[in-house]
Each structure stands twice: as structure tokens, then as C-alpha cells.
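What follows is the content of input-v9.cif, which has mmCIF, C-alpha atoms and all ligand atoms:
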data_structure
#
loop_
_atom_site.label_atom_id
_atom_site.label_comp_id
_atom_site.auth_asym_id
_atom_site.auth_seq_id
_atom_site.Cartn_x
_atom_site.Cartn_y
_atom_site.Cartn_z
CA MET R 236 -9.54 3.83 2.71
CA GLU R 237 -13.03 2.41 2.48
CA TYR R 238 -11.81 -0.95 1.28
CA ILE R 239 -9.19 -1.54 3.98
CA LYS R 240 -11.31 -2.40 6.95
CA LYS R 241 -11.50 -5.13 9.50
CA PRO R 242 -14.01 -7.84 8.59
CA THR R 243 -16.62 -8.87 11.12
CA LEU R 244 -17.54 -12.36 12.21
CA GLU R 245 -20.64 -12.03 10.04
CA ASN R 246 -18.40 -11.38 7.00
CA PHE R 247 -16.40 -14.49 7.87
CA LYS R 248 -19.58 -16.59 8.08
CA ILE R 249 -20.72 -15.37 4.65
CA PHE R 250 -17.30 -16.24 3.27
CA LEU R 251 -17.43 -19.73 4.77
CA GLU R 252 -20.68 -20.44 2.93
CA ILE R 253 -18.80 -19.74 -0.30
CA TYR R 254 -15.60 -21.42 0.78
CA LYS R 255 -17.33 -24.66 1.60
CA LYS R 256 -18.47 -24.89 -2.05
CA ARG R 257 -14.91 -24.40 -3.37
CA PRO R 258 -13.97 -26.73 -6.23
CA PHE R 259 -11.01 -28.32 -4.42
CA LYS R 260 -11.02 -29.26 -0.76
CA ASN R 261 -7.31 -29.82 -1.02
CA ASN R 262 -5.73 -26.89 -2.82
CA ASP R 263 -2.09 -27.90 -2.35
CA GLY R 264 0.17 -25.46 -4.16
CA GLY R 265 -2.64 -22.89 -4.19
CA ILE R 266 -4.35 -20.37 -1.95
CA LYS R 267 -5.44 -21.34 1.57
CA ILE R 268 -8.22 -20.04 3.77
CA ALA R 269 -6.44 -17.09 5.46
CA HIS R 270 -5.39 -15.47 2.21
CA ALA R 271 -8.58 -16.57 0.46
CA PHE R 272 -10.72 -14.78 3.06
CA SER R 273 -8.67 -11.57 2.86
CA LEU R 274 -8.70 -11.64 -0.92
CA PHE R 275 -12.46 -12.24 -0.94
CA PHE R 276 -13.23 -9.52 1.58
CA PHE R 277 -10.92 -6.97 -0.02
CA LEU R 278 -12.32 -7.53 -3.52
CA LYS R 279 -15.89 -7.50 -2.29
CA SER R 280 -15.30 -4.13 -0.59
CA PHE R 281 -13.21 -2.59 -3.38
CA LYS R 282 -15.45 -3.77 -6.25
CA PRO R 283 -12.89 -3.75 -9.07
CA THR R 284 -14.08 -3.95 -12.66
CA THR R 285 -11.00 -5.96 -13.70
CA ILE R 286 -8.85 -8.43 -11.79
CA ILE R 287 -5.62 -9.84 -13.18
CA GLU R 288 -4.54 -13.07 -11.53
CA SER R 289 -0.94 -13.96 -12.30
CA GLY R 290 -0.39 -17.59 -11.29
CA VAL R 291 -3.58 -19.65 -11.43
CA HIS R 292 -2.57 -23.22 -10.58
CA LYS R 293 -5.78 -25.31 -10.50
CA GLY R 294 -8.09 -22.28 -10.33
CA GLY R 295 -8.92 -22.21 -6.60
CA GLY R 296 -8.07 -18.50 -6.37
CA THR R 297 -10.09 -17.70 -9.47
CA TYR R 298 -13.11 -19.29 -7.77
CA ILE R 299 -12.71 -16.87 -4.83
CA ILE R 300 -12.21 -13.88 -7.15
CA ARG R 301 -15.32 -14.72 -9.16
CA ALA R 302 -17.37 -15.25 -5.99
CA ALA R 303 -16.29 -11.83 -4.66
CA CYS R 304 -16.84 -10.01 -7.96
CA PRO R 305 -19.46 -11.77 -10.10
CA GLU R 306 -19.49 -9.03 -12.77
CA ALA R 307 -15.78 -8.25 -13.07
CA LYS R 308 -13.59 -9.12 -16.01
CA ILE R 309 -10.84 -11.53 -14.97
CA ILE R 310 -7.55 -12.00 -16.80
CA CYS R 311 -5.78 -15.19 -15.75
CA LEU R 312 -2.08 -15.64 -16.55
CA GLU R 313 -0.63 -19.11 -16.21
CA PRO R 314 2.22 -20.67 -18.23
CA ASN R 315 0.80 -24.11 -17.54
CA LEU R 316 -2.76 -23.62 -18.73
CA GLU R 317 -3.17 -27.40 -18.88
CA LYS R 318 -3.25 -27.64 -15.11
CA ILE R 319 -6.27 -25.38 -14.64
CA GLU R 320 -9.15 -27.58 -13.50
CA TYR R 321 -11.69 -24.90 -12.60
CA ARG R 322 -12.52 -22.18 -15.13
CA VAL R 323 -14.91 -19.24 -14.84
CA SER R 324 -16.82 -17.20 -17.41
CA ASN R 325 -15.93 -13.64 -18.54
CA CYS R 326 -12.28 -14.55 -18.12
CA GLU R 327 -9.29 -14.50 -20.49
CA TYR R 328 -6.87 -17.36 -19.92
CA LEU R 329 -3.40 -16.50 -21.22
CA ARG R 330 -0.11 -18.32 -21.19
CA GLU R 331 2.10 -15.25 -21.45
CA ASP R 332 4.00 -13.78 -18.57
CA PHE R 333 2.66 -10.50 -17.14
CA SER R 334 5.67 -8.68 -18.63
CA LEU R 335 4.69 -9.72 -22.16
CA ILE R 336 1.03 -8.70 -22.11
CA ASN R 337 -0.24 -5.67 -23.97
CA PHE R 338 -2.91 -4.59 -21.47
CA ASP R 339 -4.19 -1.81 -23.77
CA GLN R 340 -6.11 -4.45 -25.71
CA PHE R 341 -8.40 -4.98 -22.69
CA ASN R 342 -9.51 -1.37 -22.23
CA ILE R 343 -8.79 -1.42 -18.52
CA ASN R 344 -9.64 1.28 -15.99
CA LYS R 345 -6.50 1.26 -13.81
CA ASP R 346 -8.34 2.93 -10.91
CA LYS R 347 -10.64 -0.07 -10.69
CA THR R 348 -8.19 -2.84 -11.55
CA VAL R 349 -6.52 -5.11 -9.01
CA VAL R 350 -3.47 -7.16 -9.96
CA PHE R 351 -3.19 -10.28 -7.83
CA PHE R 352 0.34 -11.68 -8.07
CA ASP R 353 0.51 -15.29 -6.94
CA ASP R 354 3.21 -16.57 -9.27
CA HIS R 355 6.38 -16.75 -7.14
CA GLN R 356 8.17 -14.18 -9.26
CA ASP R 357 10.43 -11.57 -7.71
CA PHE R 358 8.73 -8.40 -6.59
CA SER R 359 11.73 -6.43 -7.91
CA LYS R 360 10.82 -7.58 -11.43
CA ARG R 361 7.09 -7.14 -10.91
CA PHE R 362 7.60 -3.67 -9.48
CA TYR R 363 9.17 -2.43 -12.72
CA GLU R 364 6.40 -4.04 -14.72
CA ILE R 365 3.60 -2.43 -12.71
CA TYR R 366 5.49 0.86 -12.90
CA HIS R 367 5.63 0.47 -16.67
CA HIS R 368 1.90 -0.24 -16.91
CA LYS R 369 0.98 2.24 -14.14
CA PHE R 370 -1.13 -0.24 -12.24
CA LYS R 371 -2.13 1.10 -8.84
CA HIS R 372 -3.75 -1.65 -6.82
CA ILE R 373 -1.59 -4.69 -6.21
CA ILE R 374 -2.05 -7.74 -4.01
CA PHE R 375 1.07 -9.80 -3.55
CA GLU R 376 0.53 -13.31 -2.19
CA ASP R 377 4.09 -14.61 -1.78
CA ASN R 378 5.10 -11.94 0.68
CA PHE R 379 8.00 -13.70 2.32
CA HIS R 380 9.39 -12.53 5.62
CA GLU R 381 12.51 -10.39 5.65
CA ASN R 382 14.25 -12.29 8.42
CA ASN R 383 14.25 -15.84 7.24
CA ASN R 384 15.21 -18.02 4.37
CA LEU R 385 11.84 -19.55 3.60
CA GLY R 386 10.88 -17.81 0.40
CA ASP R 387 11.72 -18.39 -3.22
CA CYS R 388 11.27 -14.82 -4.39
CA TYR R 389 11.97 -11.27 -3.30
CA SER R 390 8.90 -9.79 -1.63
CA PRO R 391 7.29 -6.41 -0.88
CA LYS R 392 7.91 -7.14 2.82
CA GLN R 393 11.63 -7.35 2.07
CA ALA R 394 11.48 -4.17 -0.01
CA MET R 395 9.65 -2.31 2.75
CA SER R 396 12.19 -3.39 5.33
CA ASN R 397 15.20 -2.51 3.13
CA SER R 398 16.39 -6.06 3.48
CA GLU R 399 18.52 -7.57 0.78
CA TYR R 400 17.91 -11.00 -0.65
CA GLN R 401 18.31 -13.53 2.10
CA TYR R 402 19.08 -16.55 -0.02
CA THR R 403 22.33 -18.42 0.20
CA VAL R 404 24.44 -19.00 -2.90
CA LYS R 405 23.79 -22.74 -2.50
CA LYS R 406 20.03 -22.26 -2.47
CA ARG R 407 20.18 -19.95 -5.49
CA ASN R 408 22.33 -22.37 -7.47
CA LEU R 409 20.11 -25.33 -6.65
CA HIS R 410 17.11 -23.35 -7.81
CA ASN R 411 18.82 -22.42 -11.07
CA ILE R 412 19.96 -25.99 -11.76
CA LYS R 413 16.42 -27.23 -11.12
CA SER R 414 14.95 -24.57 -13.46
CA PHE R 415 17.43 -25.50 -16.16
CA CYS R 416 16.71 -29.25 -15.91
CA LEU R 417 12.96 -28.66 -15.98
CA PHE R 418 13.30 -26.43 -19.01
CA VAL R 419 15.39 -28.97 -20.94
CA PHE R 420 13.06 -31.82 -19.97
CA ASP R 421 9.96 -29.82 -20.89
CA TYR R 422 11.51 -28.69 -24.15
CA LEU R 423 12.61 -32.14 -25.26
CA THR R 424 9.42 -33.97 -24.36
CA LYS R 425 7.10 -31.40 -25.90
CA PHE R 426 9.32 -30.73 -28.91
CA ILE R 427 9.40 -34.40 -29.83
CA ARG R 428 5.66 -34.83 -29.43
CA PHE R 429 4.33 -31.59 -30.91
CA LYS R 430 7.08 -30.40 -33.13
CA ASP R 431 5.31 -27.72 -35.19
CA GLU R 432 3.15 -26.35 -32.42
CA TYR R 433 6.06 -26.17 -30.08
CA LYS R 434 8.18 -24.05 -32.39
CA ILE R 435 5.64 -21.25 -32.03
CA GLU R 436 5.79 -21.43 -28.28
CA HIS R 437 9.50 -21.70 -28.08
CA ASN R 438 10.22 -18.02 -27.54
CA LEU R 439 7.55 -17.72 -24.93
CA ARG R 440 8.78 -20.66 -22.93
CA TYR R 441 12.32 -19.45 -23.13
CA SER R 442 11.28 -16.16 -21.59
CA TYR R 443 9.59 -17.97 -18.65
CA PHE R 444 12.72 -19.94 -18.22
CA LYS R 445 14.82 -16.80 -18.10
CA SER R 446 12.46 -15.04 -15.74
CA ASN R 447 12.70 -18.03 -13.40
CA PHE R 448 16.41 -17.54 -12.92
CA LYS R 449 17.45 -15.88 -9.69
CA PHE R 450 20.32 -13.47 -9.75
CA PHE R 451 19.75 -11.86 -6.38
CA PRO R 452 21.31 -8.45 -6.79
CA LYS R 453 21.71 -6.14 -3.84
CA ASN R 454 18.40 -4.56 -3.59
CA ASN R 455 18.38 -1.34 -1.62
CA TYR R 456 17.65 0.64 -4.74
CA ILE R 457 14.45 -1.34 -5.24
CA SER R 458 13.43 -0.53 -1.67
CA LYS R 459 13.99 3.15 -2.32
CA ALA R 460 12.04 3.10 -5.57
CA VAL R 461 9.15 1.19 -3.98
CA LYS R 462 9.00 3.58 -1.03
CA LYS R 463 9.00 6.53 -3.37
CA TYR R 464 5.83 5.42 -5.10
CA ILE R 465 3.94 3.42 -2.49
CA LYS R 466 1.03 5.17 -0.80
CA LEU R 467 -0.11 2.34 1.36
CA TYR R 468 1.38 -0.98 2.33
CA TYR R 469 -0.95 -3.26 4.24
CA GLU R 470 -0.48 -6.86 5.36
CA PHE R 471 -3.76 -8.68 5.61
CA PRO R 472 -4.00 -10.16 9.10
CA GLN R 473 -4.27 -13.82 9.94
CA ILE R 474 -7.76 -15.14 10.64
CA THR R 475 -6.81 -16.43 14.04
CA PHE R 476 -4.00 -17.76 16.04
CA ILE R 477 -3.82 -20.86 18.23
CA LYS R 478 -2.00 -20.18 21.44
CA SER R 479 -1.51 -23.43 23.22
CA ASP R 480 -1.96 -26.45 21.05
CA SER R 481 1.48 -27.78 20.31
CA LYS R 482 0.37 -30.38 17.84
CA TYR R 483 0.23 -27.81 15.03
CA LYS R 484 3.60 -27.57 13.41
CA LYS R 485 3.44 -23.98 12.29
CA GLN R 486 2.31 -22.68 15.64
CA LYS R 487 5.71 -21.43 16.71
CA LEU R 488 6.22 -19.63 13.46
CA ASN R 489 2.86 -17.99 13.75
CA TYR R 490 3.43 -17.06 17.33
CA PHE R 491 6.62 -15.33 16.31
CA TYR R 492 4.80 -13.49 13.59
CA LYS R 493 1.76 -12.53 15.59
CA ASP R 494 2.75 -8.99 16.48
CA GLU R 495 4.57 -8.18 13.31
CA LEU R 496 1.77 -7.40 10.92
CA LYS R 497 2.35 -4.06 9.39
CA SER R 498 0.64 -1.22 7.74
CA PHE R 499 2.67 1.58 6.23
CA ASN R 500 1.59 5.16 5.92
CA LEU R 501 3.42 7.22 3.34
CA ASN R 502 2.73 10.55 5.00
CA THR R 503 4.25 9.64 8.32
CA GLN R 504 6.59 6.91 7.00
CA ASN R 505 5.40 4.89 10.00
CA TYR R 506 4.32 1.32 10.41
CA PHE R 507 1.29 0.37 12.44
CA ASN R 508 0.95 -3.02 13.98
CA LYS R 509 -2.07 -5.03 13.07
CA SER R 510 -3.54 -7.85 15.06
CA ILE R 511 -5.27 -11.11 14.19
CA LEU R 512 -8.86 -10.88 13.01
CA PHE R 513 -10.55 -13.13 15.58
CA GLU R 514 -9.67 -14.84 18.82
CA TYR R 515 -9.51 -18.59 18.33
CA GLU R 516 -12.43 -19.20 20.70
CA GLU R 517 -14.64 -16.97 18.54
CA VAL R 518 -14.11 -18.97 15.36
CA LYS R 519 -13.19 -22.42 16.62
CA ASN R 520 -16.63 -23.96 16.11
CA LEU R 521 -17.10 -22.32 12.72
CA ILE R 522 -13.80 -23.76 11.57
CA LEU R 523 -14.42 -27.22 12.93
CA ASP R 524 -18.05 -27.35 11.75
CA ASN R 525 -16.88 -26.52 8.23
CA ASN R 526 -14.26 -29.28 8.33
CA ILE R 527 -11.40 -26.88 7.83
CA ASN R 528 -8.08 -28.27 8.88
CA LEU R 529 -6.35 -26.16 11.53
CA ASN R 530 -3.03 -26.43 9.75
CA GLU R 531 -4.70 -24.78 6.79
CA VAL R 532 -5.98 -21.97 9.02
CA LEU R 533 -2.43 -21.31 10.18
CA ASN R 534 -1.03 -21.33 6.66
CA TYR R 535 -0.24 -17.69 6.17
CA ASN R 536 2.41 -15.61 4.44
CA PHE R 537 1.66 -11.88 5.04
CA MET R 538 -0.25 -11.40 1.80
CA CYS R 539 -0.29 -7.64 1.28
CA TYR R 540 -2.02 -4.87 -0.57
CA CYS R 541 0.12 -2.12 -2.12
CA LEU R 542 -1.35 1.12 -3.38
CA PHE R 543 0.96 2.91 -5.81
CA ASP R 544 0.95 6.42 -7.13
CA PHE R 545 3.25 6.61 -10.15
CA THR R 546 2.37 10.20 -11.00
CA LYS R 547 5.21 11.50 -8.75
CA ASN R 548 8.56 12.47 -10.21
C1 LIG T 1 0.90 -20.63 -5.95
S1 LIG T 1 0.39 -21.13 -7.51
C2 LIG T 1 -1.00 -20.11 -7.83
C3 LIG T 1 -2.15 -20.37 -6.91
C4 LIG T 1 -3.47 -19.79 -7.33
N1 LIG T 1 -3.41 -18.36 -7.51
C5 LIG T 1 -4.52 -20.09 -6.31
O1 LIG T 1 -5.07 -19.14 -5.77
O2 LIG T 1 -4.80 -21.27 -6.02
C6 LIG T 1 1.65 -20.47 -8.52
C7 LIG T 1 1.38 -20.63 -10.01
O3 LIG T 1 2.20 -19.71 -10.70
C8 LIG T 1 2.46 -20.27 -11.97
N2 LIG T 1 3.57 -19.51 -12.58
C9 LIG T 1 4.88 -19.79 -12.64
N3 LIG T 1 5.54 -18.83 -13.31
C10 LIG T 1 4.60 -17.91 -13.67
C11 LIG T 1 4.62 -16.68 -14.39
N4 LIG T 1 5.75 -16.18 -14.84
N5 LIG T 1 3.46 -16.01 -14.58
C12 LIG T 1 2.29 -16.51 -14.10
N6 LIG T 1 2.21 -17.67 -13.42
C13 LIG T 1 3.34 -18.35 -13.21
C14 LIG T 1 2.76 -21.72 -11.65
O4 LIG T 1 2.59 -22.53 -12.80
C15 LIG T 1 1.71 -22.00 -10.56
O5 LIG T 1 0.56 -22.54 -11.13
#

How does this structure look as C-alpha cells?
Amino acid sequence: MEYIKKPTLENFKIFLEIYKKRPFKNNDGGIKIAHAFSLFFFLKSFKPTTIIESGVHKGGGTYIIRAACPEAKIICLEPNLEKIEYRVSNCEYLREDFSLINFDQFNINKDKTVVFFDDHQDFSKRFYEIYHHKFKHIIFEDNFHENNNLGDCYSPKQAMSNSEYQYTVKKRNLHNIKSFCLFVFDYLTKFIRFKDEYKIEHNLRYSYFKSNFKFFPKNNYISKAVKKYIKLYYEFPQITFIKSDSKYKKQKLNYFYKDELKSFNLNTQNYFNKSILFEYEEVKNLILDNNINLNEVLNYNFMCYCLFDFTKN
């Protein structure tokens, strides 16, 4: 796999030149440096002609995608288009959910298209949608760990480990109550202010609302289906890892995760452990000189690349 390779320090330096010009220094709620670097490096190596970004937030990820692939067509999906602050050219901005898009209209070459899911939607749902559209190259940002309760959506990591949803009933119910209140609030405020316009959007918004509900079924059958069609599962490694400095809150978490990075080979059905990209000492000065907060460097969630082959029966 030409495009799955370990980046060098030189690659990281080139990326930092781009990263330091990013439109938002504080991209809270959006992509952080570890995933941004992997996304950048992967896209630059793979050279897709189309990238679909589902979940745009302010547009920090779109900046990275455009920097990696200046010529590619980008399709950005974001229900809250109003919150996008940074827009790029040669890009369609759509409000619809991925499941509602007719991708035939874009004349896409699926061999050279990457779908970047960063929308906190369940992988079980997304898996059926990519199966339906026969997309092959998927990057999933919210790849929550199988052994903890931190995530808000089912992830490829959980599918690959056969784990069932980890969420408690209380957490699920709280999430659903919150979704319901937000929907009612959004509906009432917008409906009163933009009555006619809002009627048109009603159906669309209702479908987001529904897709936000979590039912958490037992999920072994999703694991089986994913494993049937996946050719490669690869967790992008962390940039670095700080061994001894206890002032960084996430350190323990990252220490625990350090040796767990996985790569899955369909032929052998084996996982291979991956390591961090660079020793801290190698990149410390680069990080500090570029004013990158160390907590941001440690912000990491196993973002993965999945290669699917849906031609099998
Ligand atoms: C983590 S943020 C995206 C970060 C962005 N990709 C970046 O790189 O900075 C998640 C976004 O997903 C959006 N979202 C929520 N439901 C969605 C859906 N069904 N389809 C696409 N985006 C959705 C949210 O409005 C939010 O802006």
C-alpha cells in the first residue's frame, strides 16, 4: 500500500509550515494536530480526485484537505452550514446528511475518492451507507476505544474488536433527551423567524434529528459484516508521546494506549501493533517553536483508514 507509510521528520516539518497558517489557532470541537497531520500525509500520498468531508464544523479540516490536495474536488456535508467560517474553492457545501446524497450527480471515481467521516455518527449506520454507495476508501475520525465509555458513537475500532456498544442506559437516555430538546428549540426558534423557508427544510432537519438518536443494538452482526468486506484497517499513529511530564492531563490515557495501535490484515486476520511516529525529544523543539500546545499534541482518538472491497459475495 503505497499510501500507508510512515512519515519522516521532513514530512512533519513541511506539514508544520502549513499548519502554522491554519485559519483557527483554537479549533475547539474540530480536528487537532495529530489527526490533522495523518489526514494531510495520507491524502498527499494517496492523491484522491474527490474528498467527501462529513462534519465540517468551522472548516479547519477542510483547510488541511485543500492544502494536501489543491486540485481535488471537495464535497462538504454539514447540517449547520452557518457555522463554517473558512471556505475553500472547488467545493460543494451541502446541508444534507451523507445518507441523503445522490453521489451520482458528482461523477465520482470511487477508486480515487476518500470519505472522511468526522460527524459523530455511528459507524454501524455509516457502514451500510458506504456499502450502498460502494465507497472504498474511508477515514473515520471518531474512532472511540472499545474498552471505555468515552465516545458518543459506535466506531470501527469497536466493530473490529467485536465489542458491543459500551454506553450505559443512563448515558443513552441523557443523549436522547438532549437531542430532543435541541430539536424542539431549534424548530421553534427557526420556525417562528423564517416560517416559509423553514417549512422546506423541515423534513431534512427531522431526518438529522432521527439519525442523532442512539438505540444501541447488539452489534456483533455489524462486526461480522465489516470484517467480511474490510481489506485493511489501519489506525494512524500518534505524533509523539510524553513519558514523564505529569502536568498533562491526558498523559495517562495516552500511555495506556501507546502499544495498542492496530493494523489489520484481511489475509491473515491478524493485527499488527504500530508505534508512535516520533520520540518526543525529536519533535519537542519543533512543537514548542511553532507554539503548539502539548495538550493538543496528545489529543488523539485512533483515527483510522478502512479499505473496503464490496465486490465479494
Ligand atoms: C467534530 S466536528 C467536525 C470537525 C471538522 N471536520 C474539522 O476537521 O475541524 C463535527 C461536526 O459534525 C456536524 N454534524 C452533526 N451531525 C452531522 C451529520 N449527520 N452529517 C454531517 N455532519 C454532522 C456537527 O455540526 C459538527 O460541526

Produce the centre coordinates and the three edge lengths, each in Å to one decimal, of the box along x, y and z that contains all listed atoms of ligand LIG 1 (chain T) with 8 Å added on each side, as AutoDock Vina command-line options.
--center_x 0.3 --center_y -19.3 --center_z -10.3 --size_x 26.8 --size_y 22.5 --size_z 25.1

Contacts to ligand LIG 1 (chain T) at 9 Å cut-off (only C-alpha atoms and all ligand atoms) as a short mmCIF file (atom, residue, chain, number, x, y, z; two decimals) with C-alpha atoms, keeping the file's coordinate frame:
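As a result, out22.cif now contains:
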data_model
loop_
_atom_site.label_atom_id
_atom_site.label_comp_id
_atom_site.auth_asym_id
_atom_site.auth_seq_id
_atom_site.Cartn_x
_atom_site.Cartn_y
_atom_site.Cartn_z
CA ASN R 262 -5.73 -26.89 -2.82
CA ASP R 263 -2.09 -27.90 -2.35
CA GLY R 264 0.17 -25.46 -4.16
CA GLY R 265 -2.64 -22.89 -4.19
CA ILE R 266 -4.35 -20.37 -1.95
CA LYS R 267 -5.44 -21.34 1.57
CA HIS R 270 -5.39 -15.47 2.21
CA ALA R 271 -8.58 -16.57 0.46
CA GLU R 288 -4.54 -13.07 -11.53
CA SER R 289 -0.94 -13.96 -12.30
CA GLY R 290 -0.39 -17.59 -11.29
CA VAL R 291 -3.58 -19.65 -11.43
CA HIS R 292 -2.57 -23.22 -10.58
CA LYS R 293 -5.78 -25.31 -10.50
CA GLY R 294 -8.09 -22.28 -10.33
CA GLY R 295 -8.92 -22.21 -6.60
CA GLY R 296 -8.07 -18.50 -6.37
CA THR R 297 -10.09 -17.70 -9.47
CA TYR R 298 -13.11 -19.29 -7.77
CA ILE R 299 -12.71 -16.87 -4.83
CA ILE R 300 -12.21 -13.88 -7.15
CA CYS R 311 -5.78 -15.19 -15.75
CA LEU R 312 -2.08 -15.64 -16.55
CA GLU R 313 -0.63 -19.11 -16.21
CA PRO R 314 2.22 -20.67 -18.23
CA ASN R 315 0.80 -24.11 -17.54
CA LEU R 316 -2.76 -23.62 -18.73
CA LYS R 318 -3.25 -27.64 -15.11
CA ILE R 319 -6.27 -25.38 -14.64
CA ARG R 330 -0.11 -18.32 -21.19
CA GLU R 331 2.10 -15.25 -21.45
CA ASP R 332 4.00 -13.78 -18.57
CA PHE R 333 2.66 -10.50 -17.14
CA SER R 334 5.67 -8.68 -18.63
CA PHE R 351 -3.19 -10.28 -7.83
CA PHE R 352 0.34 -11.68 -8.07
CA ASP R 353 0.51 -15.29 -6.94
CA ASP R 354 3.21 -16.57 -9.27
CA HIS R 355 6.38 -16.75 -7.14
CA GLN R 356 8.17 -14.18 -9.26
CA GLU R 376 0.53 -13.31 -2.19
CA ASP R 377 4.09 -14.61 -1.78
CA SER R 442 11.28 -16.16 -21.59
CA TYR R 443 9.59 -17.97 -18.65
CA PHE R 444 12.72 -19.94 -18.22
CA SER R 446 12.46 -15.04 -15.74
CA ASN R 447 12.70 -18.03 -13.40
#

(message) So the first atom is CA of Lys519 (chain R) and the second is CA of Pro242 (chain R); what is the distance between them in Å, to one decimal place?
(response) 16.7 Å

(message) Report as number ranges by chain all protein, DNA and RNA residues lying within 10 Å of Tyr366 (chain R), evaluated on only C-alpha atoms, omitting residues in the same chain fewer than 6 positions from it.
(response) R: 461, 464, 543-545

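Close contacts of Asn344 (chain R), defined as residues with an atom at most 12 Å away when counting only C-alpha atoms, with chain neighbours fewer than 6 positions off set aside, comprise R:Pro283, R:Thr284, R:Thr285, R:Ile286, R:Ala307, R:Lys308, R:Phe338, R:His368, R:Lys369, R:Phe370, R:Lys371, R:His372.
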
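Ranking R:Ala303, R:Lys360, R:Pro472, R:Glu531 by their shortest atom-to-atom distance to Asn261 (chain R), with all atoms listed in the file included, puts R:Glu531 first.
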
(request) Give the answer as one residue: which of R:Glu364, R:Glu514, R:Asp524, R:Glu470 has the shortest atom-to-atom distance to Lys240 (chain R), using only C-alpha atoms? (result) R:Glu470

(message) One decimal, in Å: what's the spacing between CA of Leu278 (chain R) and CA of Arg301 (chain R)?
(response) 9.6 Å

(message) Would you compute the distance between CA of Lys463 (chain R) and CA of Ser280 (chain R)? Give it in Å to one decimal.
(response) 26.7 Å

(message) Report as a ChimeraX atom specification all protein, DNA and RNA residues lying within 8 Å of Val532 (chain R), evaluated on only C-alpha atoms, omitting residues in the same chain fewer than 6 positions from it.
(response) /R:267-269,474-475
